[in-house]
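Listing of model26.txt, compact mmCIF, C-alpha atoms and all ligand atoms
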# COMPACT_ATOMS: atom_id res chain seq x y z
CA MET A 932 114.75 112.98 154.13
CA ILE A 933 114.21 110.77 157.21
CA PRO A 934 115.83 107.36 156.78
CA ASP A 935 113.77 104.22 157.39
CA THR A 936 115.85 102.09 159.76
CA THR A 937 113.03 99.64 160.59
CA ASN A 938 113.23 97.76 157.32
CA GLU A 939 113.67 94.14 156.27
CA TRP A 940 117.46 94.49 156.02
CA PRO A 941 119.17 94.79 159.42
CA GLY A 942 121.89 97.44 159.43
CA ALA A 943 120.51 99.29 156.40
CA GLU A 944 119.14 102.81 156.25
CA ILE A 945 116.71 103.37 153.43
CA LEU A 946 116.50 106.83 151.96
CA PRO A 947 113.67 107.36 149.49
CA GLU A 948 115.66 109.67 147.21
CA GLN A 949 119.06 111.31 146.93
CA GLY A 950 119.85 114.41 144.92
CA LEU A 951 118.24 114.02 141.51
CA TRP A 952 118.10 110.23 141.98
CA SER A 953 114.52 109.16 142.64
CA GLY A 954 115.11 105.47 143.46
CA ARG A 955 115.75 104.12 146.96
CA LEU A 956 119.21 104.43 148.49
CA ILE A 957 119.85 101.38 150.69
CA LEU A 958 122.84 102.40 152.76
CA PHE A 959 125.06 100.19 154.93
CA ASP A 960 128.07 101.10 157.04
CA SER A 961 129.81 97.93 155.92
CA LEU A 962 129.15 95.02 153.59
CA PRO A 963 131.41 92.31 152.18
CA SER A 964 130.59 93.60 148.67
CA THR A 965 127.69 95.77 147.50
CA ASN A 966 127.57 93.85 144.19
CA THR A 967 127.42 90.48 145.95
CA TRP A 968 124.68 91.72 148.32
CA THR A 969 122.68 93.28 145.50
CA LYS A 970 122.84 90.17 143.33
CA ALA A 971 121.67 88.06 146.29
CA HIS A 972 118.68 90.38 146.93
CA LEU A 973 117.63 91.16 143.36
CA ASN A 974 114.21 89.58 143.94
CA SER A 975 113.30 92.31 146.42
CA LEU A 976 114.99 95.19 144.59
CA HIS A 977 113.66 97.37 141.79
CA ALA A 978 115.32 99.10 138.87
CA GLY A 979 116.51 102.44 140.23
CA ASP A 980 117.50 101.09 143.67
CA VAL A 981 121.04 101.81 144.80
CA VAL A 982 122.87 99.75 147.42
CA ALA A 983 125.81 101.59 148.96
CA ALA A 984 128.34 100.96 151.72
CA TRP A 985 131.07 103.08 153.26
CA ARG A 986 133.27 100.04 153.67
CA GLN A 987 133.62 96.66 151.94
CA THR A 988 135.45 93.70 153.42
CA ALA A 989 135.44 91.60 150.24
CA GLY A 990 135.04 94.16 147.44
CA ARG A 991 135.43 92.69 143.99
CA GLY A 992 137.02 94.14 140.87
CA ARG A 993 137.20 93.02 137.25
CA PHE A 994 138.99 89.76 136.45
CA SER A 995 138.35 88.42 139.98
CA ARG A 996 140.66 91.02 141.50
CA SER A 997 139.88 92.54 144.86
CA TRP A 998 138.78 96.15 145.31
CA ILE A 999 139.65 97.85 148.57
CA THR A 1000 137.12 100.10 150.29
CA PRO A 1001 138.48 100.81 153.77
CA ALA A 1002 136.25 102.47 156.37
CA GLY A 1003 136.12 106.22 156.51
CA GLY A 1004 133.90 107.42 153.70
CA ASN A 1005 135.06 105.72 150.52
CA ILE A 1006 132.15 105.10 148.20
CA ALA A 1007 131.07 101.64 147.05
CA LEU A 1008 127.70 101.35 145.39
CA SER A 1009 125.68 99.06 143.19
CA LEU A 1010 123.04 100.38 140.89
CA VAL A 1011 120.11 98.17 139.87
CA LEU A 1012 118.95 98.77 136.31
CA ASP A 1013 116.69 96.92 133.91
CA LYS A 1014 118.66 94.64 131.61
CA PRO A 1015 118.68 96.36 128.23
CA ALA A 1016 116.42 94.77 125.62
CA GLN A 1017 119.42 94.31 123.33
CA PRO A 1018 122.26 92.55 125.17
CA GLU A 1019 124.84 94.55 123.16
CA GLN A 1020 123.67 97.70 125.01
CA ALA A 1021 124.93 96.34 128.36
CA LEU A 1022 128.58 97.33 127.82
CA SER A 1023 127.69 100.98 127.36
CA LEU A 1024 125.78 101.10 130.68
CA GLY A 1025 129.00 100.59 132.66
CA GLN A 1026 130.70 103.17 130.45
CA THR A 1027 127.88 105.64 131.07
CA ALA A 1028 128.45 105.14 134.80
CA ALA A 1029 132.18 105.84 134.30
CA LEU A 1030 131.32 109.02 132.41
CA ALA A 1031 128.98 110.06 135.24
CA VAL A 1032 131.84 109.61 137.75
CA ALA A 1033 134.14 111.66 135.49
CA ARG A 1034 131.56 114.46 135.25
CA LEU A 1035 131.12 114.49 139.02
CA LEU A 1036 134.89 114.71 139.57
CA GLU A 1037 135.18 117.48 136.98
CA SER A 1038 132.48 119.43 138.85
CA LEU A 1039 134.78 119.22 141.89
CA GLY A 1040 137.68 120.58 139.84
CA ILE A 1041 139.47 117.26 139.17
CA ARG A 1042 140.52 116.65 135.55
CA THR A 1043 139.80 113.07 134.58
CA GLN A 1044 140.45 110.60 131.80
CA LEU A 1045 138.54 107.48 130.81
CA LYS A 1046 140.28 104.23 129.99
CA TRP A 1047 138.43 101.53 128.10
CA PRO A 1048 136.34 99.68 129.12
CA ASN A 1049 135.31 101.74 132.14
CA ASP A 1050 138.13 103.04 134.35
CA VAL A 1051 138.27 106.62 135.56
CA LEU A 1052 141.82 107.96 135.86
CA VAL A 1053 143.47 111.11 137.13
CA GLN A 1054 146.92 111.57 135.59
CA SER A 1055 147.14 107.84 134.84
CA ARG A 1056 146.14 106.86 138.39
CA LYS A 1057 142.86 105.03 138.91
CA ILE A 1058 140.27 106.84 141.04
CA SER A 1059 137.20 104.79 140.15
CA GLY A 1060 136.37 101.38 138.70
CA ILE A 1061 133.16 99.80 137.49
CA LEU A 1062 132.04 96.18 137.71
CA ALA A 1063 128.89 95.48 135.69
CA GLU A 1064 127.33 92.09 136.41
CA ALA A 1065 124.22 90.38 135.14
CA ALA A 1066 122.44 87.70 137.15
CA SER A 1067 121.32 85.15 134.58
CA ALA A 1068 117.90 84.41 136.13
CA SER A 1069 117.00 88.06 136.51
CA ASP A 1070 115.84 90.84 134.22
CA LYS A 1071 118.09 93.26 136.12
CA ILE A 1072 121.70 94.29 135.72
CA VAL A 1073 123.99 95.43 138.55
CA ILE A 1074 126.46 98.24 137.93
CA GLY A 1075 129.01 98.39 140.75
CA ILE A 1076 130.95 101.61 141.20
CA GLY A 1077 133.93 102.08 143.49
CA LEU A 1078 135.09 105.66 144.01
CA ASN A 1079 138.19 106.38 146.08
CA THR A 1080 136.92 109.31 148.08
CA THR A 1081 138.77 109.70 151.38
CA ILE A 1082 141.57 107.13 151.11
CA SER A 1083 145.03 108.44 152.04
CA ARG A 1084 148.44 107.86 150.42
CA GLU A 1085 149.43 105.70 153.45
CA GLU A 1086 146.39 103.43 153.01
CA LEU A 1087 147.08 103.08 149.30
CA LYS A 1088 150.72 102.32 150.11
CA ALA A 1089 149.73 99.67 152.65
CA ASN A 1090 147.90 97.94 149.78
CA GLY A 1091 150.72 98.39 147.26
CA LEU A 1092 148.63 100.86 145.23
CA GLU A 1093 150.37 104.20 145.77
CA GLU A 1094 151.65 104.36 142.16
CA GLN A 1095 148.43 103.12 140.55
CA ALA A 1096 145.61 104.76 142.46
CA THR A 1097 144.46 108.09 143.82
CA SER A 1098 141.43 109.57 145.62
CA ILE A 1099 139.36 112.74 145.73
CA PHE A 1100 141.11 113.61 149.01
CA LEU A 1101 144.56 113.26 147.44
CA GLU A 1102 143.61 115.23 144.33
CA LEU A 1103 141.96 118.13 146.16
CA GLY A 1104 144.35 118.15 149.11
CA ARG A 1105 141.41 118.30 151.53
CA GLN A 1106 138.77 115.93 152.81
CA VAL A 1107 135.29 116.04 151.34
CA GLU A 1108 131.89 115.27 152.83
CA ALA A 1109 131.35 111.69 151.63
CA GLU A 1110 127.53 111.86 151.98
CA GLN A 1111 127.49 114.92 149.78
CA VAL A 1112 129.75 113.30 147.17
CA LEU A 1113 127.47 110.23 147.13
CA SER A 1114 124.42 112.41 146.54
CA GLN A 1115 126.23 114.38 143.80
CA LEU A 1116 127.36 111.12 142.20
CA LEU A 1117 123.78 109.82 142.05
CA SER A 1118 122.64 113.12 140.52
CA SER A 1119 125.41 112.86 137.94
CA ILE A 1120 124.41 109.26 137.11
CA HIS A 1121 120.80 110.37 136.71
CA GLU A 1122 121.78 113.21 134.36
CA THR A 1123 124.25 111.16 132.35
CA LEU A 1124 121.85 108.24 131.84
CA ALA A 1125 119.12 110.71 130.83
CA GLU A 1126 121.43 112.43 128.36
CA LYS A 1127 122.41 109.08 126.82
CA GLN A 1128 118.74 108.12 126.60
CA LYS A 1129 117.95 111.40 124.85
CA GLN A 1130 120.92 111.59 122.48
CA GLY A 1131 121.64 107.89 121.97
CA ASN A 1132 124.96 106.06 122.08
CA ARG A 1133 126.75 108.73 120.02
CA TYR A 1134 126.58 110.96 123.10
CA LEU A 1135 128.65 108.48 125.07
CA ALA A 1136 131.20 107.95 122.27
CA ARG A 1137 131.67 111.73 121.86
CA ALA A 1138 131.93 112.41 125.59
CA TRP A 1139 134.38 109.49 125.90
CA LYS A 1140 136.59 110.71 123.07
CA ILE A 1141 137.41 114.04 124.69
CA ARG A 1142 138.49 112.22 127.88
CA ASP A 1143 140.06 109.15 126.25
CA ALA A 1144 143.26 108.11 128.07
CA LEU A 1145 144.32 105.81 125.21
CA LEU A 1146 143.97 108.16 122.26
CA GLY A 1147 146.68 107.38 119.68
CA ALA A 1148 148.38 104.84 121.96
CA GLU A 1149 149.97 101.55 121.00
CA ILE A 1150 148.11 99.02 123.12
CA GLU A 1151 147.94 95.39 124.02
CA ILE A 1152 144.53 93.87 124.65
CA ILE A 1153 144.37 90.68 126.68
CA VAL A 1154 141.34 88.39 126.43
CA GLY A 1155 141.70 85.22 128.46
CA GLU A 1156 144.88 83.47 127.34
CA GLU A 1157 145.20 85.50 124.14
CA SER A 1158 146.54 88.97 123.47
CA TRP A 1159 146.77 91.34 120.51
CA ARG A 1160 148.88 94.43 119.87
CA GLY A 1161 148.01 97.38 117.72
CA ARG A 1162 147.10 101.07 117.58
CA TYR A 1163 144.06 102.12 119.58
CA GLN A 1164 141.42 103.66 117.33
CA GLY A 1165 138.90 104.73 119.99
CA MET A 1166 135.56 103.41 121.16
CA ASP A 1167 132.65 102.83 118.80
CA ASP A 1168 128.99 103.70 119.41
CA LEU A 1169 128.32 100.35 121.09
CA GLY A 1170 131.21 100.88 123.49
CA ARG A 1171 133.54 98.40 121.77
CA LEU A 1172 137.28 99.00 121.61
CA MET A 1173 138.59 99.58 118.09
CA ILE A 1174 142.14 98.57 117.26
CA GLN A 1175 144.23 98.53 114.08
CA PHE A 1176 146.98 95.97 113.68
CA SER A 1177 150.30 96.79 111.99
CA GLY A 1178 149.14 95.13 108.76
CA GLY A 1179 146.27 97.65 108.56
CA GLU A 1180 143.52 95.23 109.62
CA ASP A 1181 140.86 96.64 111.99
CA ARG A 1182 139.13 94.74 114.78
CA THR A 1183 136.68 95.51 117.58
CA PHE A 1184 136.54 93.96 121.06
CA TRP A 1185 133.62 93.66 123.51
CA SER A 1186 135.80 92.86 126.50
CA GLY A 1187 139.38 92.50 127.60
CA GLU A 1188 142.10 94.17 129.60
CA VAL A 1189 144.08 96.93 127.96
CA VAL A 1190 147.72 97.71 128.62
CA LYS A 1191 149.30 100.81 127.14
CA VAL A 1192 152.52 99.82 125.36
CA ARG A 1193 153.44 103.24 124.02
CA ARG A 1194 151.87 106.59 124.83
CA GLY A 1195 149.67 108.42 122.40
CA LYS A 1196 148.62 112.06 122.52
CA ASN A 1197 147.10 111.89 126.00
C1 LIG B 1201 137.56 97.34 138.68
O1 LIG B 1201 138.05 98.39 138.26
O2 LIG B 1201 138.21 96.29 138.72
C2 LIG B 1201 136.13 97.36 139.12
C3 LIG B 1201 136.00 97.75 140.55
C4 LIG B 1201 134.54 97.77 141.00
C5 LIG B 1201 134.42 98.00 142.48
C6 LIG B 1201 132.99 98.20 142.89
S1 LIG B 1201 132.85 98.81 144.53
C7 LIG B 1201 131.13 98.56 144.50
C8 LIG B 1201 130.90 97.24 143.80
N1 LIG B 1201 131.00 96.14 144.74
C9 LIG B 1201 132.04 95.35 144.48
O3 LIG B 1201 132.37 94.36 145.15
N2 LIG B 1201 132.69 95.81 143.41
C10 LIG B 1201 132.08 96.98 142.85

Would you write the structure of this file as structure tokens?
Amino acid sequence: MIPDTTNEWPGAEILPEQGLWSGRLILFDSLPSTNTWTKAHLNSLHAGDVVAAWRQTAGRGRFSRSWITPAGGNIALSLVLDKPAQPEQALSLGQTAALAVARLLESLGIRTQLKWPNDVLVQSRKISGILAEAASASDKIVIGIGLNTTISREELKANGLEEQATSIFLELGRQVEAEQVLSQLLSSIHETLAEKQKQGNRYLARAWKIRDALLGAEIEIIVGEESWRGRYQGMDDLGRLMIQFSGGEDRTFWSGEVVKVRRGKN
């Protein structure tokens, strides 16, 4: 497909489709943050558009953390989707994106795990993170996906992340073609969203369960200034975390940060 480089956004290439993905791919070499750019341009974007960059200078993670995307073929992208009619469906969109990343990595031979709410791990190290954001005045939702593709151990070390993070390059022991991985990722997102649409939320909960990094674990969930400890019970059909406290009481959470206190089966 021939990219359109004479468009309204200087520095962007626009590809009309990518793999199975039929929306536009708006591709930059570098952006401060694909989520920030996408939210600022939502008026001229449509559901199905994807904004991607090979490098971010101010990438953002959950809980106002930073997300590093150094130059050299790491993948940062933001997906524009219609806001679901029921707001409680929004959580599962980010989780569907995490599942799509996991399925892509598995197709490359990398065994993955999913950690609530939407982290993708390889042997407890994070390889991908999702930041879903809604712009209040818009009927669109932005799903940001960061996938460590080409980053080396040295670069992770320079950012103090060598124990916590990994990349496709480190897992396979060879570099991959980043353009190809991006196209495969968009195909995987297309297929995974379609499967969820067809089978409903149960599909996500089932697919999550077989990859669940927290299964059987004793966890702490932190929400703002508060935290709770208990045994992780899995993820329900709406994508909520289920926990049981030592007294036997059950509770579900829509958001929060989870810390594993004691390992479970996985
Ligand atoms: C997390 O695990 O904390 C979420 C990380 C999300 C990072 C992605 S990279 C593409 C998009 N743009 C951003 O600035 N953040 C998200």

What are the nearest atom pairs, with distances in Å to one decimal, for all residues of chain A that come at most 7 Å from ligand LIG 1201 (chain B), using only C-alpha atoms and all ligand atoms, set out by chain and rising residue number as a Markdown table?
| residue | atom | partner | partner_atom | distance |
| --- | --- | --- | --- | --- |
| A:Ser964 | CA | B:LIG1201 | O3 | 4.0 |
| A:Thr965 | CA | B:LIG1201 | N1 | 4.3 |
| A:Asn966 | CA | B:LIG1201 | N1 | 4.2 |
| A:Thr967 | CA | B:LIG1201 | O3 | 6.3 |
| A:Ala989 | CA | B:LIG1201 | O3 | 6.6 |
| A:Gly990 | CA | B:LIG1201 | O3 | 3.5 |
| A:Arg991 | CA | B:LIG1201 | O3 | 3.7 |
| A:Gly992 | CA | B:LIG1201 | O2 | 3.3 |
| A:Arg993 | CA | B:LIG1201 | O2 | 3.7 |
| A:Phe994 | CA | B:LIG1201 | O2 | 7.0 |
| A:Arg996 | CA | B:LIG1201 | O2 | 6.4 |
| A:Trp998 | CA | B:LIG1201 | C5 | 5.5 |
| A:Ala1007 | CA | B:LIG1201 | C7 | 4.0 |
| A:Leu1008 | CA | B:LIG1201 | C7 | 4.5 |
| A:Ser1009 | CA | B:LIG1201 | C8 | 5.6 |
| A:Asp1050 | CA | B:LIG1201 | O1 | 6.1 |
| A:Ser1059 | CA | B:LIG1201 | O1 | 6.7 |
| A:Gly1060 | CA | B:LIG1201 | O1 | 3.5 |
| A:Ile1061 | CA | B:LIG1201 | C2 | 4.2 |
| A:Leu1062 | CA | B:LIG1201 | C4 | 4.4 |
| A:Gly1075 | CA | B:LIG1201 | C8 | 3.8 |
| A:Ile1076 | CA | B:LIG1201 | C6 | 4.3 |
| A:Gly1077 | CA | B:LIG1201 | S1 | 3.6 |

Produce a table with one row for each residue of stretch 1072-1112 of chain A that has an atom at most 12 Å from any atom of stretch 975-987 of chain A, each row naming the nearest atom pair and its distance in Å at one decimal; use only C-alpha atoms; arrange rows by chain and rising residue number; format as JSON lines.
{"residue": "A:Ile1072", "atom": "CA", "partner": "A:Ala978", "partner_atom": "CA", "distance": 8.6}
{"residue": "A:Val1073", "atom": "CA", "partner": "A:Val981", "partner_atom": "CA", "distance": 9.4}
{"residue": "A:Ile1074", "atom": "CA", "partner": "A:Val981", "partner_atom": "CA", "distance": 9.5}
{"residue": "A:Gly1075", "atom": "CA", "partner": "A:Val982", "partner_atom": "CA", "distance": 9.2}
{"residue": "A:Ile1076", "atom": "CA", "partner": "A:Ala983", "partner_atom": "CA", "distance": 9.3}
{"residue": "A:Gly1077", "atom": "CA", "partner": "A:Ala983", "partner_atom": "CA", "distance": 9.8}
{"residue": "A:Leu1078", "atom": "CA", "partner": "A:Trp985", "partner_atom": "CA", "distance": 10.4}
{"residue": "A:Asn1079", "atom": "CA", "partner": "A:Trp985", "partner_atom": "CA", "distance": 10.6}
{"residue": "A:Thr1080", "atom": "CA", "partner": "A:Trp985", "partner_atom": "CA", "distance": 10.0}
{"residue": "A:Thr1081", "atom": "CA", "partner": "A:Trp985", "partner_atom": "CA", "distance": 10.3}
{"residue": "A:Ile1082", "atom": "CA", "partner": "A:Arg986", "partner_atom": "CA", "distance": 11.2}
{"residue": "A:Ala1109", "atom": "CA", "partner": "A:Trp985", "partner_atom": "CA", "distance": 8.8}
{"residue": "A:Glu1110", "atom": "CA", "partner": "A:Trp985", "partner_atom": "CA", "distance": 9.6}
{"residue": "A:Val1112", "atom": "CA", "partner": "A:Trp985", "partner_atom": "CA", "distance": 12.0}

Computed gap from atom CA of A:Pro1048 to atom CA of A:Ala1029 is 9.1 Å

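The smallest atom-to-atom distance between A:Gly1003 and any of A:Leu1092, A:Glu1188, A:Glu1157, A:Phe1100, using all atoms listed in the file, is found for A:Phe1100.
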
Select from stretch 1043-1106 of chain A every residue with an atom at most 12 Å from any atom of stretch 1165-1187 of chain A, then for each give the shortest pair of atoms and their distance in Å to one decimal, using only C-alpha atoms, rows by chain and rising number, as CSV.
residue,atom,partner,partner_atom,distance
A:Leu1045,CA,A:Met1166,CA,10.9
A:Lys1046,CA,A:Met1166,CA,10.0
A:Trp1047,CA,A:Leu1172,CA,7.1
A:Pro1048,CA,A:Ser1186,CA,7.3
A:Asn1049,CA,A:Gly1170,CA,9.6
A:Ala1063,CA,A:Ser1186,CA,11.8

What does the structure give for the distance between atom CA of A:Gln1106 and atom CA of A:Leu962, in Å to one decimal?
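Rounded to one decimal, the two atoms are 23.0 Å apart.
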
| By how many Å are atom CA of A:Lys1127 and atom CA of A:Ala1065 apart? |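 Separation between atom CA of A:Lys1127 and atom CA of A:Ala1065: 20.5 Å.
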
> Using only C-alpha atoms, which residues sit within 8 Å of A:Ile945 once same-chain residues fewer than 6 positions away are excluded, as a VMD selection string?
Replying inline: chain A and resid 934 to 936 938 955 to 958

Fewer than 3 positions away in the same chain doesn't count, so skip those; otherwise give me all residues within 7 Å of A:Thr1097, counting all atoms listed in the file, as a ChimeraX atom specification. /A:1056-1058,1079,1101

Selected residues written out, C-alpha atoms, as a compact mmCIF listing (two decimals), in the frame of the given file:
# COMPACT_ATOMS: atom_id res chain seq x y z
CA ARG A 1056 146.14 106.86 138.39
CA LYS A 1057 142.86 105.03 138.91
CA ILE A 1058 140.27 106.84 141.04
CA ASN A 1079 138.19 106.38 146.08
CA LEU A 1101 144.56 113.26 147.44

Using 4 Å of padding on each side, determine the axis-aligned box around all atoms of stretch 1042-1054 of chain A present in the file and give its centre and edge lengths in Å to one decimal, as AutoDock Vina command-line options.
--center_x 141.1 --center_y 108.2 --center_z 132.6 --size_x 19.6 --size_y 25.0 --size_z 17.0

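For the choices A:Leu946, A:Ile1152, A:Ala1089, A:Ala971, the atom-to-atom distance to A:Phe959 is smallest for A:Leu946 when using all atoms listed in the file.
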
Using only C-alpha atoms, which of A:Gly1025, A:Pro1015, A:Gly1161, A:Pro1001 sits nearest A:Val1189?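 Ranked by minimum distance to A:Val1189, first place goes to A:Gly1161.
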
Query raised in the report: Between A:Asp960, A:Glu1149, A:Glu1094, A:Asp1143, which is the closest to A:Gln1044 once you count all atoms listed in the file?
Result: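 Closest candidate: A:Asp1143.
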
If you count all atoms listed in the file, the residue of A:Ser1119, A:Ser995, A:Asn1005, A:Ser1158 closest to A:Val1107 turns out to be A:Asn1005

The residue from A:Glu1037, A:Ser953, A:Thr1043, A:Asp1070 with the smallest atom-to-atom distance to A:Lys970, counting only C-alpha atoms, is A:Asp1070
